[in-house]
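Content type mmCIF, C-alpha atoms, from the file coords-v6.cif:
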data_my_file
#
loop_
_atom_site.group_PDB
_atom_site.id
_atom_site.type_symbol
_atom_site.label_atom_id
_atom_site.label_comp_id
_atom_site.auth_asym_id
_atom_site.auth_seq_id
_atom_site.Cartn_x
_atom_site.Cartn_y
_atom_site.Cartn_z
ATOM 1 C CA MET A 1 -68.139 222.691 -106.685
ATOM 2 C CA THR A 2 -64.579 223.458 -105.603
ATOM 3 C CA CYS A 3 -62.374 221.678 -103.103
ATOM 4 C CA PRO A 4 -62.627 223.170 -99.593
ATOM 5 C CA PHE A 5 -58.831 223.195 -99.318
ATOM 6 C CA CYS A 6 -57.740 224.455 -102.750
ATOM 7 C CA ASP A 7 -59.233 225.847 -105.970
ATOM 8 C CA ARG A 8 -59.677 222.519 -107.737
ATOM 9 C CA PRO A 9 -63.157 222.256 -109.291
ATOM 10 C CA GLY A 10 -65.014 218.996 -109.758
ATOM 11 C CA GLU A 11 -68.036 216.894 -109.104
ATOM 12 C CA ARG A 12 -68.554 215.581 -105.582
ATOM 13 C CA ARG A 13 -67.046 212.153 -106.348
ATOM 14 C CA GLU A 14 -63.984 213.710 -108.009
ATOM 15 C CA LEU A 15 -63.425 216.086 -105.109
ATOM 16 C CA HIS A 16 -63.809 213.282 -102.595
ATOM 17 C CA ALA A 17 -61.043 211.301 -104.324
ATOM 18 C CA HIS A 18 -58.928 214.459 -104.690
ATOM 19 C CA MET A 19 -59.221 215.263 -100.976
ATOM 20 C CA LEU A 20 -58.206 211.707 -100.055
ATOM 21 C CA SER A 21 -55.124 211.801 -102.280
ATOM 22 C CA ASP A 22 -54.030 215.439 -101.941
ATOM 23 C CA HIS A 23 -55.235 216.559 -98.509
ATOM 24 C CA PRO A 24 -55.167 213.526 -96.157
ATOM 25 C CA ASP A 25 -53.455 215.599 -93.465
ATOM 26 C CA ARG A 26 -56.526 217.886 -93.149
ATOM 27 C CA LEU A 27 -58.322 215.180 -91.168
ATOM 28 C CA ILE A 28 -56.790 214.389 -87.817
ATOM 29 C CA THR A 29 -57.465 211.743 -85.212
ATOM 30 C CA ARG A 30 -57.036 212.175 -81.503
ATOM 31 C CA GLU A 31 -57.478 210.065 -78.416
ATOM 32 C CA GLU A 32 -59.241 211.371 -75.349
ATOM 33 C CA ALA A 33 -59.931 209.302 -72.224
ATOM 34 C CA GLY A 34 -59.548 206.066 -74.176
ATOM 35 C CA ARG A 35 -61.899 207.200 -76.952
ATOM 36 C CA ILE A 36 -60.799 207.970 -80.506
ATOM 37 C CA PHE A 37 -62.130 210.948 -82.471
ATOM 38 C CA MET A 38 -61.661 212.183 -86.025
ATOM 39 C CA GLU A 39 -61.782 215.892 -86.768
ATOM 40 C CA VAL A 40 -61.776 217.984 -89.916
ATOM 41 C CA ASN A 41 -62.222 221.757 -89.935
ATOM 42 C CA CYS A 42 -64.173 223.792 -92.424
ATOM 43 C CA PRO A 43 -61.873 226.416 -93.971
ATOM 44 C CA ALA A 44 -64.792 228.824 -94.546
ATOM 45 C CA CYS A 45 -66.299 228.943 -91.063
ATOM 46 C CA SER A 46 -65.621 227.995 -87.474
ATOM 47 C CA GLU A 47 -67.751 224.859 -87.743
ATOM 48 C CA GLY A 48 -65.903 221.599 -88.019
ATOM 49 C CA ILE A 49 -66.719 217.933 -87.995
ATOM 50 C CA SER A 50 -65.845 215.869 -84.936
ATOM 51 C CA LYS A 51 -67.051 212.299 -84.562
ATOM 52 C CA GLU A 52 -66.122 209.429 -82.327
ATOM 53 C CA VAL A 53 -64.482 206.626 -84.263
ATOM 54 C CA ASN A 54 -65.280 203.020 -83.400
ATOM 55 C CA PRO A 55 -67.403 203.813 -80.313
ATOM 56 C CA ARG A 56 -68.289 200.158 -79.675
ATOM 57 C CA GLY A 57 -64.833 198.654 -79.919
ATOM 58 C CA ARG A 58 -61.481 199.402 -78.444
ATOM 59 C CA ASP A 59 -59.207 197.730 -80.974
ATOM 60 C CA PRO A 60 -55.817 199.439 -80.495
ATOM 61 C CA LEU A 61 -55.004 198.860 -84.183
ATOM 62 C CA PHE A 62 -58.311 200.255 -85.464
ATOM 63 C CA LEU A 63 -56.818 203.549 -86.684
ATOM 64 C CA ASP A 64 -54.027 201.770 -88.528
ATOM 65 C CA LYS A 65 -56.413 199.308 -90.159
ATOM 66 C CA PHE A 66 -59.098 201.801 -91.142
ATOM 67 C CA ALA A 67 -57.306 205.144 -91.658
ATOM 68 C CA ASP A 68 -58.462 205.475 -95.275
ATOM 69 C CA GLU A 69 -62.069 204.633 -94.411
ATOM 70 C CA ILE A 70 -62.063 207.153 -91.559
ATOM 71 C CA ARG A 71 -60.817 209.850 -93.966
ATOM 72 C CA MET A 72 -63.474 208.889 -96.507
ATOM 73 C CA VAL A 73 -66.244 209.356 -93.953
ATOM 74 C CA GLY A 74 -64.801 212.582 -92.562
ATOM 75 C CA PHE A 75 -64.317 214.168 -95.976
ATOM 76 C CA ASP A 76 -67.779 213.052 -97.052
ATOM 77 C CA LEU A 77 -69.284 214.804 -94.023
ATOM 78 C CA LEU A 78 -67.217 217.898 -94.771
ATOM 79 C CA LEU A 79 -68.428 217.982 -98.385
ATOM 80 C CA TYR A 80 -72.050 217.884 -97.219
ATOM 81 C CA HIS A 81 -71.285 220.812 -94.927
ATOM 82 C CA TRP A 82 -69.242 222.572 -97.655
ATOM 83 C CA GLU A 83 -72.217 222.519 -100.009
ATOM 84 C CA THR A 84 -74.029 224.893 -97.630
ATOM 85 C CA HIS A 85 -71.419 227.608 -98.282
ATOM 86 C CA ALA A 86 -71.905 229.959 -101.224
ATOM 87 C CA GLY A 87 -68.178 229.803 -101.995
ATOM 88 C CA ALA A 88 -68.327 226.052 -102.586
ATOM 89 C CA ALA A 89 -69.901 226.391 -106.028
ATOM 90 C CA ALA A 90 -67.451 226.618 -108.881
ATOM 91 C CA GLU A 91 -68.027 229.644 -111.060
ATOM 92 C CA GLN A 92 -69.822 228.675 -114.210
ATOM 93 C CA PRO A 93 -68.665 230.312 -117.434
ATOM 94 C CA THR A 94 -71.175 232.701 -118.899
ATOM 95 C CA GLU A 95 -72.224 232.351 -122.500
ATOM 96 C CA GLY A 96 -71.743 235.458 -124.531
#

Please re-express this file's structure in structure tokens.
Amino acid sequence: MTCPFCDRPGERRELHAHMLSDHPDRLITREEAGRIFMEVNCPACSEGISKEVNPRGRDPLFLDKFADEIRMVGFDLLLYHWETHAGAAAEQPTEG
């Protein structure tokens, strides 16, 4: 599989770590009417991932405390979605 944001190939676990270290800015958080959401867009289609973060609590420091965990979940959801795209598979070398 390849990274949704660049041409780096790898297994799911490798890409997950790569996305966290090299593309953290691709996942954004926003506040709306006192609720916090995380969003990450699919670069291959108009579908994106948007989920409410911490729907049961209203800890004002939640985003600061759990930013890495929020990215991990968002990128994991994106990778599941990414696997549905034909372009996600890394080209396999052909034996000659």

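Omitting Ala67 in chain A and its sequence neighbours fewer than 4 positions away, and counting only C-alpha atoms, the residues within 12 Å are Leu20, Pro24, Asp25, Leu27, Ile28, Thr29, Phe37, Met38, Val53, Asn54, Leu61, Phe62, Leu63, Arg71, Met72, Val73 and Gly74 of chain A.
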
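Note that the spacing between CA of Arg13 in chain A and CA of Leu78 in chain A amounts to 12.9 Å.
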
Hits of the PyMOL selection byres ((chain A and resi 47) around 12) in this structure, as a ChimeraX atom specification: /A:39-46,48-50,77-78,81-82,84-85

Å distance separating CA of Asp7 in chain A from CA of Lys51 in chain A, one decimal place: 26.5 Å

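Taking all atoms listed in the file, the non-local environment of Asp22 in chain A within 12 Å (same-chain residues fewer than 5 positions away omitted) comprises Cys3, Pro4, Phe5, Cys6, Arg8, Glu14, Leu15, His16, Ala17, Leu27, Arg71 and Phe75 of chain A.
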
A:Ala33, A:Leu79, A:Asp64, A:Glu69 ranked by distance to Gly10 in chain A, top pick (using all atoms listed in the file): A:Leu79

Size and centre in Å, one decimal, axis-aligned box, all listed range 71-76 of chain A atoms plus 6 Å per side, as lines of an AutoDock Vina configuration file:
center_x = -64.3
center_y = 211.5
center_z = -94.8
size_x = 19.0
size_y = 17.3
size_z = 16.5

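Atom pair CA of Arg12 in chain A / CA of Asp68 in chain A has a distance of 17.6 Å (rounded to one decimal).
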
If you keep N, CA and C atoms, can you output range 15-48 of chain A as an mmCIF file, in the first residue's frame?
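See selection_31.cif below for the written result:
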data_model
loop_
_atom_site.group_PDB
_atom_site.id
_atom_site.type_symbol
_atom_site.label_atom_id
_atom_site.label_comp_id
_atom_site.auth_asym_id
_atom_site.auth_seq_id
_atom_site.Cartn_x
_atom_site.Cartn_y
_atom_site.Cartn_z
ATOM 1 N N LEU A 15 2.937 2.666 7.455
ATOM 2 C CA LEU A 15 2.319 3.879 6.921
ATOM 3 C C LEU A 15 1.653 4.686 8.022
ATOM 4 N N HIS A 16 1.052 4.005 8.974
ATOM 5 C CA HIS A 16 0.414 4.693 10.090
ATOM 6 C C HIS A 16 1.447 5.527 10.836
ATOM 7 N N ALA A 17 2.590 4.932 11.158
ATOM 8 C CA ALA A 17 3.665 5.653 11.843
ATOM 9 C C ALA A 17 4.211 6.781 10.973
ATOM 10 N N HIS A 18 4.369 6.508 9.683
ATOM 11 C CA HIS A 18 4.857 7.528 8.738
ATOM 12 C C HIS A 18 3.913 8.728 8.696
ATOM 13 N N MET A 19 2.614 8.473 8.614
ATOM 14 C CA MET A 19 1.640 9.564 8.553
ATOM 15 C C MET A 19 1.680 10.402 9.831
ATOM 16 N N LEU A 20 1.837 9.746 10.968
ATOM 17 C CA LEU A 20 1.921 10.474 12.243
ATOM 18 C C LEU A 20 3.156 11.361 12.303
ATOM 19 N N SER A 21 4.291 10.867 11.789
ATOM 20 C CA SER A 21 5.517 11.655 11.878
ATOM 21 C C SER A 21 5.673 12.668 10.750
ATOM 22 N N ASP A 22 5.231 12.320 9.535
ATOM 23 C CA ASP A 22 5.484 13.183 8.384
ATOM 24 C C ASP A 22 4.295 14.025 7.912
ATOM 25 N N HIS A 23 3.097 13.645 8.300
ATOM 26 C CA HIS A 23 1.911 14.362 7.812
ATOM 27 C C HIS A 23 0.920 14.734 8.927
ATOM 28 N N PRO A 24 1.379 15.133 10.110
ATOM 29 C CA PRO A 24 0.431 15.415 11.194
ATOM 30 C C PRO A 24 -0.521 16.563 10.877
ATOM 31 N N ASP A 25 -0.091 17.466 9.994
ATOM 32 C CA ASP A 25 -0.922 18.619 9.651
ATOM 33 C C ASP A 25 -2.105 18.258 8.747
ATOM 34 N N ARG A 26 -2.160 17.044 8.231
ATOM 35 C CA ARG A 26 -3.268 16.626 7.353
ATOM 36 C C ARG A 26 -4.550 16.369 8.132
ATOM 37 N N LEU A 27 -4.426 16.173 9.449
ATOM 38 C CA LEU A 27 -5.604 16.008 10.292
ATOM 39 C C LEU A 27 -5.796 17.305 11.062
ATOM 40 N N ILE A 28 -6.986 17.848 10.976
ATOM 41 C CA ILE A 28 -7.260 19.097 11.676
ATOM 42 C C ILE A 28 -8.330 18.865 12.733
ATOM 43 N N THR A 29 -8.351 19.754 13.711
ATOM 44 C CA THR A 29 -9.429 19.749 14.695
ATOM 45 C C THR A 29 -10.120 21.094 14.609
ATOM 46 N N ARG A 30 -11.402 21.065 14.909
ATOM 47 C CA ARG A 30 -12.168 22.314 14.899
ATOM 48 C C ARG A 30 -13.221 22.255 15.999
ATOM 49 N N GLU A 31 -13.604 23.414 16.460
ATOM 50 C CA GLU A 31 -14.641 23.502 17.477
ATOM 51 C C GLU A 31 -15.880 24.122 16.853
ATOM 52 N N GLU A 32 -17.007 23.548 17.173
ATOM 53 C CA GLU A 32 -18.279 24.044 16.643
ATOM 54 C C GLU A 32 -19.333 23.907 17.728
ATOM 55 N N ALA A 33 -19.884 25.033 18.158
ATOM 56 C CA ALA A 33 -20.935 25.061 19.180
ATOM 57 C C ALA A 33 -20.518 24.289 20.434
ATOM 58 N N GLY A 34 -19.261 24.480 20.852
ATOM 59 C CA GLY A 34 -18.786 23.824 22.056
ATOM 60 C C GLY A 34 -18.404 22.359 21.893
ATOM 61 N N ARG A 35 -18.489 21.847 20.682
ATOM 62 C CA ARG A 35 -18.114 20.458 20.403
ATOM 63 C C ARG A 35 -16.842 20.452 19.575
ATOM 64 N N ILE A 36 -16.006 19.444 19.778
ATOM 65 C CA ILE A 36 -14.724 19.358 19.089
ATOM 66 C C ILE A 36 -14.775 18.218 18.078
ATOM 67 N N PHE A 37 -14.312 18.493 16.864
ATOM 68 C CA PHE A 37 -14.298 17.512 15.786
ATOM 69 C C PHE A 37 -12.890 17.375 15.224
ATOM 70 N N MET A 38 -12.567 16.166 14.749
ATOM 71 C CA MET A 38 -11.337 15.964 13.993
ATOM 72 C C MET A 38 -11.750 15.636 12.571
ATOM 73 N N GLU A 39 -10.938 16.109 11.623
ATOM 74 C CA GLU A 39 -11.245 15.894 10.210
ATOM 75 C C GLU A 39 -9.962 15.582 9.448
ATOM 76 N N VAL A 40 -10.075 14.627 8.539
ATOM 77 C CA VAL A 40 -8.980 14.318 7.626
ATOM 78 C C VAL A 40 -9.618 13.997 6.282
ATOM 79 N N ASN A 41 -9.095 14.597 5.222
ATOM 80 C CA ASN A 41 -9.663 14.419 3.890
ATOM 81 C C ASN A 41 -8.926 13.348 3.105
ATOM 82 N N CYS A 42 -9.674 12.634 2.307
ATOM 83 C CA CYS A 42 -9.084 11.653 1.409
ATOM 84 C C CYS A 42 -8.578 12.397 0.176
ATOM 85 N N PRO A 43 -7.309 12.222 -0.190
ATOM 86 C CA PRO A 43 -6.783 12.919 -1.361
ATOM 87 C C PRO A 43 -7.268 12.343 -2.689
ATOM 88 N N ALA A 44 -7.915 11.177 -2.675
ATOM 89 C CA ALA A 44 -8.345 10.542 -3.922
ATOM 90 C C ALA A 44 -9.822 10.759 -4.240
ATOM 91 N N CYS A 45 -10.592 11.191 -3.268
ATOM 92 C CA CYS A 45 -12.024 11.385 -3.510
ATOM 93 C C CYS A 45 -12.536 12.500 -2.604
ATOM 94 N N SER A 46 -13.793 12.820 -2.747
ATOM 95 C CA SER A 46 -14.361 13.908 -1.958
ATOM 96 C C SER A 46 -14.775 13.451 -0.562
ATOM 97 N N GLU A 47 -14.674 12.150 -0.293
ATOM 98 C CA GLU A 47 -15.060 11.653 1.021
ATOM 99 C C GLU A 47 -13.951 11.912 2.020
ATOM 100 N N GLY A 48 -14.321 12.352 3.174
ATOM 101 C CA GLY A 48 -13.364 12.568 4.247
ATOM 102 C C GLY A 48 -13.893 11.949 5.527
#
